[in-house]
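Enquirer: Sending over a structure as structure tokens; questions will come in a sec.
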Amino acid sequence: MWMSPDEFFAMGGYALYVWSSFGVCALILLIEPLAVRARCKSIVKRLKKEILADQLDKEGSK
Amino acid sequence: MSQKNTLSNKRFMNWFRLSSPMTFYPVAGKLIPFFWVLAFLFGVAGLWVSFFVAPIDAVQGQGYRIIFIHVPTSWMSMFIYLVMAGWAGLGLVFNTRLSSMMAQALAPIGAWMAFMSLWTGAFWGKPMWGAWWVWDARLTSELILLFLYLGFIALQASIDNPRRADKAGAVLVLVGVVNVPVIYFSVKWWNTLHQGASISMTKAPAMAQTMLWGMLLMALALWMYSIAVALMRVQAIILERESHADWVRQLGEVKS
Amino acid sequence: MNALLGIIHRDLLLVMRRKSEVLTALFFFVIVTSLFPLGIGADGALLRKIAPGVIWVAALLSTLLGLQRIFSADYADGTLEQMVLSPQSFVLLVAGKIVAHWLVCGLPLVILAPIIGIQFDMDAGSLEVLILALLLGTPVLSLIGSIGAALTLGVRGGSVLMSLIVLPLYIPVLIFGAGAVYANTVGLDISGHFSLLGALLILALAFVPWVSAVAVKIAIE
């Protein structure tokens with residue numbers, strides 16, 4: 001139905017509106033899972049540090 | 001404890017066993033990629049229909065295609081609120097931590113869905129009706145739903161004791177769920193009372209079959225996405241809240 | 001019944017000893033309504049048109065201000081815990097506290113509103129409808145607000161958080177209440193608005209004290 005890629009991106013004159021809508025949504029749907037992943041990673045990092053600190057504590061007090 | 005063996009040997013899982021964060025954590029991990037794949041497949045199919053199958057609209061031209069993201073996000077924002085209320089209610093009645101954690105995991109997703117619905121609604125309204133914001137019943141109710149989500153998130157963030165936060169949040173979201181039909185009805189009433197021109201976002205193009213399919217596929221894609229992200233976030237929440245527990249410290253990614 | 005009257009009497013007595021807390025909420029109502037003409041201009045026709053909405057929004061905000069006191073003082077000195085533990089039905093005690101709150105914050109608003117209405121050049125018919133609508137609506141505001149107050153007891157930044165939680169729930173009352181006055185000025189039938197306000201009041205009276213009691217117990221645990 002689209003004669004050319006140019007026509008597709010122009011969206012019959014509504015390009016700004018259609019692509020802003022889909023674009024911002026795509027951005028949000030991408031960033032949210034990345035943010036959750038980052039949160040998981042930082043928790044694991046913190047836990048590793050705590051375990052290491054506990055270990056050093058035990059070794060130190062021997 | 002032979003938790004792992006019990007899960008893989010038994011034909012029918014004892015569902016209550018899953019209500020422990022410790023047993024659910026690995027199950028969530030296994031389910032997540034499955035839902036991402038489904039989300040991707042439905043998303044590709046939905047976008048295909050939206051842009052390459054659905055015909056041009058007589059009145060709104062190509063601009064109406066925003067409907068394929070606006071309507072699914074609206075549906076999901078409302079659906080997620082109901083599911084959130086269900087989990088929170090379960091957590092309140094059965095005193096299960098994991099149910100409340102699920103509600104907590106769902107809230108930001110629902111809030112973003114509501115935001116996307118409002119954003120796409122504005123970008124649809126501007127070319128079609130000349131204004132970035134029209135106070136029609138649907139958009140206004142959506143805005144209030146966003147406020148309800150933000151209130152829930154803010155309340156949970158402000159209460160330090162996690163169990164109190166769970167229960168208080170549950171009361172709030174249950175009160176909210178009861179109020180949503182009342183709010184929607186009152187906003188509709190307000191709209192017809194004060195409305196000058198009768199603008200309605202739902203009076204959009206007469207639904208061709210393909211348009212309906214496009215919206216359904218996109219909605220399914222968003223649903224699978226929501227489950228995937230909710231499971232990811234609940235894993236993070238479990239790690240945060242159960243960090244003192246032994247099993248967390250024995251986890252592969254923590255020990256290495 | 002004695003417990004109900006007892007707690008209402010107690011709360012009113014406490015308010016009388018600290019009148020300033022209540023009066024500030026009422027002054028807030030007066031000041032806020034005065035801000036609108038200052039911000040928008042003194043055009044009589046415009047003011048008459050926005051008056052119901054302005055007065056109702058100001059009423060919402062003043063009620064919220066007053067709600068900060070409903071449980072917090074008793075929570076702070078441990079009386080609330082004693083009430084939970086007492087042999088009296090806690091739901092009844094909560095209902096009593098809400099009634100006391102309305103008598104102190106809501107009823108004065110109903111009395112002050114016509115004066116503000118005159119400032120906005122509202123006619124007598126509209127003022128009548130406004131008073132009746134506020135009479136039905138302000139108890140609902142006190143009731144629903146008590147849930148928010150209970151949920152945010154002792155929380156940091158609780159008062160602002162309470163507003164964020166409660167205001168979306170206030171919207172139906174605002175729409176039907178202000179809508180009644182507006183409909184009256186335009187000549188439309190107002191019985192629908194009043195039956196809906198009445199329905200909200202009955203439902204709130206039936207369920208909210210129990211919900212607020214649950215919320216207080218969650219906060220105290």
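Chain labels A, B, ... are given in the sequence in which chains occur in the structure tokens; within each chain residues are numbered consecutively from 1, and ligands are likewise numbered from 1 in the order shown.
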Write out as a PDB file with N, CA and C atoms, in the first residue's frame every residue belonging to chain C that has an atom at most 9 Å from any atom of chain B, counting only C-alpha atoms.

Expert:
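The resulting file, selection_7.pdb, is reproduced below:
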```
ATOM      1  N   ILE C 147      -9.946   8.100  55.177  1.00  0.00           N
ATOM      2  CA  ILE C 147      -9.180   6.937  54.707  1.00  0.00           C
ATOM      3  C   ILE C 147      -7.747   7.371  54.404  1.00  0.00           C
ATOM      4  N   GLY C 148      -7.623   8.484  53.668  1.00  0.00           N
ATOM      5  CA  GLY C 148      -6.295   8.981  53.343  1.00  0.00           C
ATOM      6  C   GLY C 148      -5.514   9.343  54.584  1.00  0.00           C
ATOM      7  N   LEU C 151      -4.294   6.148  56.255  1.00  0.00           N
ATOM      8  CA  LEU C 151      -3.234   5.457  55.528  1.00  0.00           C
ATOM      9  C   LEU C 151      -1.886   6.140  55.693  1.00  0.00           C
ATOM     10  N   THR C 152      -1.906   7.484  55.860  1.00  0.00           N
ATOM     11  CA  THR C 152      -0.640   8.204  55.913  1.00  0.00           C
ATOM     12  C   THR C 152      -0.238   8.594  57.323  1.00  0.00           C
ATOM     13  N   GLY C 154       1.614   9.147  60.509  1.00  0.00           N
ATOM     14  CA  GLY C 154       2.994   9.024  60.936  1.00  0.00           C
ATOM     15  C   GLY C 154       4.000   8.901  59.806  1.00  0.00           C
ATOM     16  N   VAL C 155       3.556   9.061  58.582  1.00  0.00           N
ATOM     17  CA  VAL C 155       4.470   8.928  57.443  1.00  0.00           C
ATOM     18  C   VAL C 155       5.120  10.270  57.165  1.00  0.00           C
ATOM     19  N   ARG C 156       6.392  10.227  56.752  1.00  0.00           N
ATOM     20  CA  ARG C 156       7.075  11.473  56.402  1.00  0.00           C
ATOM     21  C   ARG C 156       6.377  12.120  55.225  1.00  0.00           C
ATOM     22  N   GLY C 157       6.160  13.426  55.310  1.00  0.00           N
ATOM     23  CA  GLY C 157       5.480  14.109  54.208  1.00  0.00           C
ATOM     24  C   GLY C 157       4.054  13.629  54.048  1.00  0.00           C
ATOM     25  N   GLY C 158       3.454  13.203  55.161  1.00  0.00           N
ATOM     26  CA  GLY C 158       2.137  12.581  55.089  1.00  0.00           C
ATOM     27  C   GLY C 158       1.043  13.471  54.572  1.00  0.00           C
ATOM     28  N   LEU C 161       1.188  13.820  50.813  1.00  0.00           N
ATOM     29  CA  LEU C 161       0.857  12.508  50.264  1.00  0.00           C
ATOM     30  C   LEU C 161      -0.643  12.240  50.371  1.00  0.00           C
ATOM     31  N   MET C 162      -1.215  12.626  51.530  1.00  0.00           N
ATOM     32  CA  MET C 162      -2.646  12.426  51.728  1.00  0.00           C
ATOM     33  C   MET C 162      -3.443  13.166  50.656  1.00  0.00           C
ATOM     34  N   LEU C 164      -2.496  13.912  47.634  1.00  0.00           N
ATOM     35  CA  LEU C 164      -2.323  13.216  46.359  1.00  0.00           C
ATOM     36  C   LEU C 164      -3.227  11.992  46.285  1.00  0.00           C
ATOM     37  N   ILE C 165      -3.372  11.310  47.419  1.00  0.00           N
ATOM     38  CA  ILE C 165      -4.179  10.092  47.447  1.00  0.00           C
ATOM     39  C   ILE C 165      -5.665  10.412  47.390  1.00  0.00           C
ATOM     40  N   VAL C 166      -6.073  11.424  48.147  1.00  0.00           N
ATOM     41  CA  VAL C 166      -7.502  11.665  48.370  1.00  0.00           C
ATOM     42  C   VAL C 166      -8.153  12.465  47.252  1.00  0.00           C
ATOM     43  N   LEU C 167      -7.418  13.422  46.666  1.00  0.00           N
ATOM     44  CA  LEU C 167      -8.062  14.301  45.687  1.00  0.00           C
ATOM     45  C   LEU C 167      -8.677  13.565  44.498  1.00  0.00           C
ATOM     46  N   PRO C 168      -8.016  12.538  43.912  1.00  0.00           N
ATOM     47  CA  PRO C 168      -8.712  11.835  42.824  1.00  0.00           C
ATOM     48  C   PRO C 168     -10.033  11.210  43.279  1.00  0.00           C
ATOM     49  N   LEU C 169     -10.074  10.769  44.534  1.00  0.00           N
ATOM     50  CA  LEU C 169     -11.304  10.143  45.032  1.00  0.00           C
ATOM     51  C   LEU C 169     -12.395  11.175  45.286  1.00  0.00           C
ATOM     52  N   TYR C 170     -11.993  12.444  45.448  1.00  0.00           N
ATOM     53  CA  TYR C 170     -12.957  13.517  45.663  1.00  0.00           C
ATOM     54  C   TYR C 170     -13.665  13.941  44.383  1.00  0.00           C
ATOM     55  N   ILE C 171     -13.088  13.552  43.248  1.00  0.00           N
ATOM     56  CA  ILE C 171     -13.580  14.129  41.993  1.00  0.00           C
ATOM     57  C   ILE C 171     -15.072  13.903  41.733  1.00  0.00           C
ATOM     58  N   PRO C 172     -15.628  12.708  41.974  1.00  0.00           N
ATOM     59  CA  PRO C 172     -17.069  12.570  41.747  1.00  0.00           C
ATOM     60  C   PRO C 172     -17.909  13.542  42.572  1.00  0.00           C
ATOM     61  N   VAL C 173     -17.522  13.751  43.836  1.00  0.00           N
ATOM     62  CA  VAL C 173     -18.276  14.678  44.684  1.00  0.00           C
ATOM     63  C   VAL C 173     -18.215  16.081  44.097  1.00  0.00           C
ATOM     64  N   ILE C 175     -17.698  16.898  40.962  1.00  0.00           N
ATOM     65  CA  ILE C 175     -18.455  16.990  39.718  1.00  0.00           C
ATOM     66  C   ILE C 175     -19.952  17.108  39.997  1.00  0.00           C
ATOM     67  N   PHE C 176     -20.482  16.253  40.872  1.00  0.00           N
ATOM     68  CA  PHE C 176     -21.918  16.300  41.129  1.00  0.00           C
ATOM     69  C   PHE C 176     -22.307  17.548  41.919  1.00  0.00           C
ATOM     70  N   GLY C 179     -21.643  20.623  39.725  1.00  0.00           N
ATOM     71  CA  GLY C 179     -22.538  20.438  38.592  1.00  0.00           C
ATOM     72  C   GLY C 179     -23.979  20.770  38.927  1.00  0.00           C
ATOM     73  N   ALA C 183     -25.940  23.369  36.827  1.00  0.00           N
ATOM     74  CA  ALA C 183     -27.155  22.949  36.116  1.00  0.00           C
ATOM     75  C   ALA C 183     -28.328  23.833  36.494  1.00  0.00           C
ATOM     76  N   VAL C 211     -13.577   0.848  56.576  1.00  0.00           N
ATOM     77  CA  VAL C 211     -12.315   0.893  55.832  1.00  0.00           C
ATOM     78  C   VAL C 211     -11.280   1.716  56.586  1.00  0.00           C
ATOM     79  N   VAL C 214      -9.875  -0.204  59.463  1.00  0.00           N
ATOM     80  CA  VAL C 214      -8.857  -1.160  58.996  1.00  0.00           C
ATOM     81  C   VAL C 214      -7.548  -0.435  58.727  1.00  0.00           C
ATOM     82  N   ALA C 215      -7.652   0.721  58.065  1.00  0.00           N
ATOM     83  CA  ALA C 215      -6.442   1.468  57.707  1.00  0.00           C
ATOM     84  C   ALA C 215      -5.704   1.940  58.956  1.00  0.00           C
ATOM     85  N   ILE C 218      -3.833  -0.930  60.458  1.00  0.00           N
ATOM     86  CA  ILE C 218      -2.617  -1.213  59.697  1.00  0.00           C
ATOM     87  C   ILE C 218      -1.514  -0.253  60.113  1.00  0.00           C
ATOM     88  N   ALA C 219      -1.886   1.005  60.325  1.00  0.00           N
ATOM     89  CA  ALA C 219      -0.875   2.006  60.665  1.00  0.00           C
ATOM     90  C   ALA C 219      -0.317   1.788  62.058  1.00  0.00           C
ATOM     91  N   GLU C 221      -0.114  -1.181  63.786  1.00  0.00           N
ATOM     92  CA  GLU C 221       0.555  -2.473  64.028  1.00  0.00           C
ATOM     93  C   GLU C 221       2.059  -2.326  64.175  1.00  0.00           C
TER      94      GLU C 221
END
```

Enquirer: Find the residues of chain B that sit at most 6 Å from chain A; for each, write down the nearest two atoms and how far apart they are in Å, to one decimal. Count only C-alpha atoms. Sort by chain, then by number going up, and give it as CSV.

Expert:
```
residue,atom,partner,partner_atom,distance
B:Gln62,CA,A:Met11,CA,5.5
B:Gly63,CA,A:Tyr14,CA,5.3
B:Ile66,CA,A:Val18,CA,5.8
B:Thr120,CA,A:Ser21,CA,5.0
B:Phe123,CA,A:Tyr17,CA,5.3
B:Val229,CA,A:Pro33,CA,5.9
B:Arg233,CA,A:Val36,CA,5.8
B:Ala236,CA,A:Cys40,CA,5.1
B:Val254,CA,A:Lys48,CA,5.8
```

Enquirer: I want to know what sits within 9 Å of Ala208 in chain B, based on only C-alpha atoms, with residues of the same chain fewer than 4 positions away left out; could you give that as a ChimeraX atom specification?

Expert: /B:54-55,212-213

Enquirer: Please provide the set of residues having any atom within 9 Å of range 121-137 of chain C, restricted to only C-alpha atoms, with same-chain residues fewer than 6 positions apart removed, written as a ChimeraX atom specification.

Expert: /C:44-45,47-49,51-52,56,59,106-107,109-111,113-114,173-174,176-178,180-182,184-185,190,193-194,197-198,200-201

Enquirer: Hey, can you check how far CA of Ile109 in chain B sits from CA of Ala230 in chain B?

Expert: 7.5 Å

Enquirer: Identify which of the residues C:Gly53, C:Leu65, C:Leu85, C:Ser72 lies closest to Phe28 in chain C, counting only C-alpha atoms when measuring atom-to-atom distances.

Expert: C:Leu65

Enquirer: Name all residues at most 8 Å from Leu174 in chain B (count only C-alpha atoms; drop same-chain ones fewer than 5 positions away) and give them as a short mmCIF file (atom, residue, chain, number, x, y, z; two decimals) with N, CA and C atoms, in the first residue's frame.

Expert:
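Everything below was put into around_25.cif:
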```
data_model
loop_
_atom_site.label_atom_id
_atom_site.label_comp_id
_atom_site.auth_asym_id
_atom_site.auth_seq_id
_atom_site.Cartn_x
_atom_site.Cartn_y
_atom_site.Cartn_z
N ALA B 85 -5.00 -4.63 41.75
CA ALA B 85 -5.94 -4.68 42.87
C ALA B 85 -6.15 -6.12 43.33
N ALA B 88 -3.02 -7.24 45.24
CA ALA B 88 -2.96 -6.55 46.53
C ALA B 88 -4.02 -7.10 47.48
N GLY B 89 -5.22 -7.35 46.94
CA GLY B 89 -6.28 -7.92 47.77
C GLY B 89 -5.91 -9.28 48.31
#
```

Enquirer: Write out as a PyMOL selection string each polymer residue whose atoms come within 12 Å of Ile31 in chain C, counting only C-alpha atoms; drop sequence neighbours fewer than 2 positions from it.

Expert: chain C and resi 24-29+33-38+54-55+58-59+61-62+116

Enquirer: With a distance cut-off of 10 Å and only C-alpha atoms, select the neighbouring residues of Val94 in chain C, excluding the residue or stretch itself and same-chain residues fewer than 2 positions from it, and output the selection as a ChimeraX atom specification.

Expert: /C:4,7-8,70-71,80,83-84,89-92,96-100,143,146,208-213,216
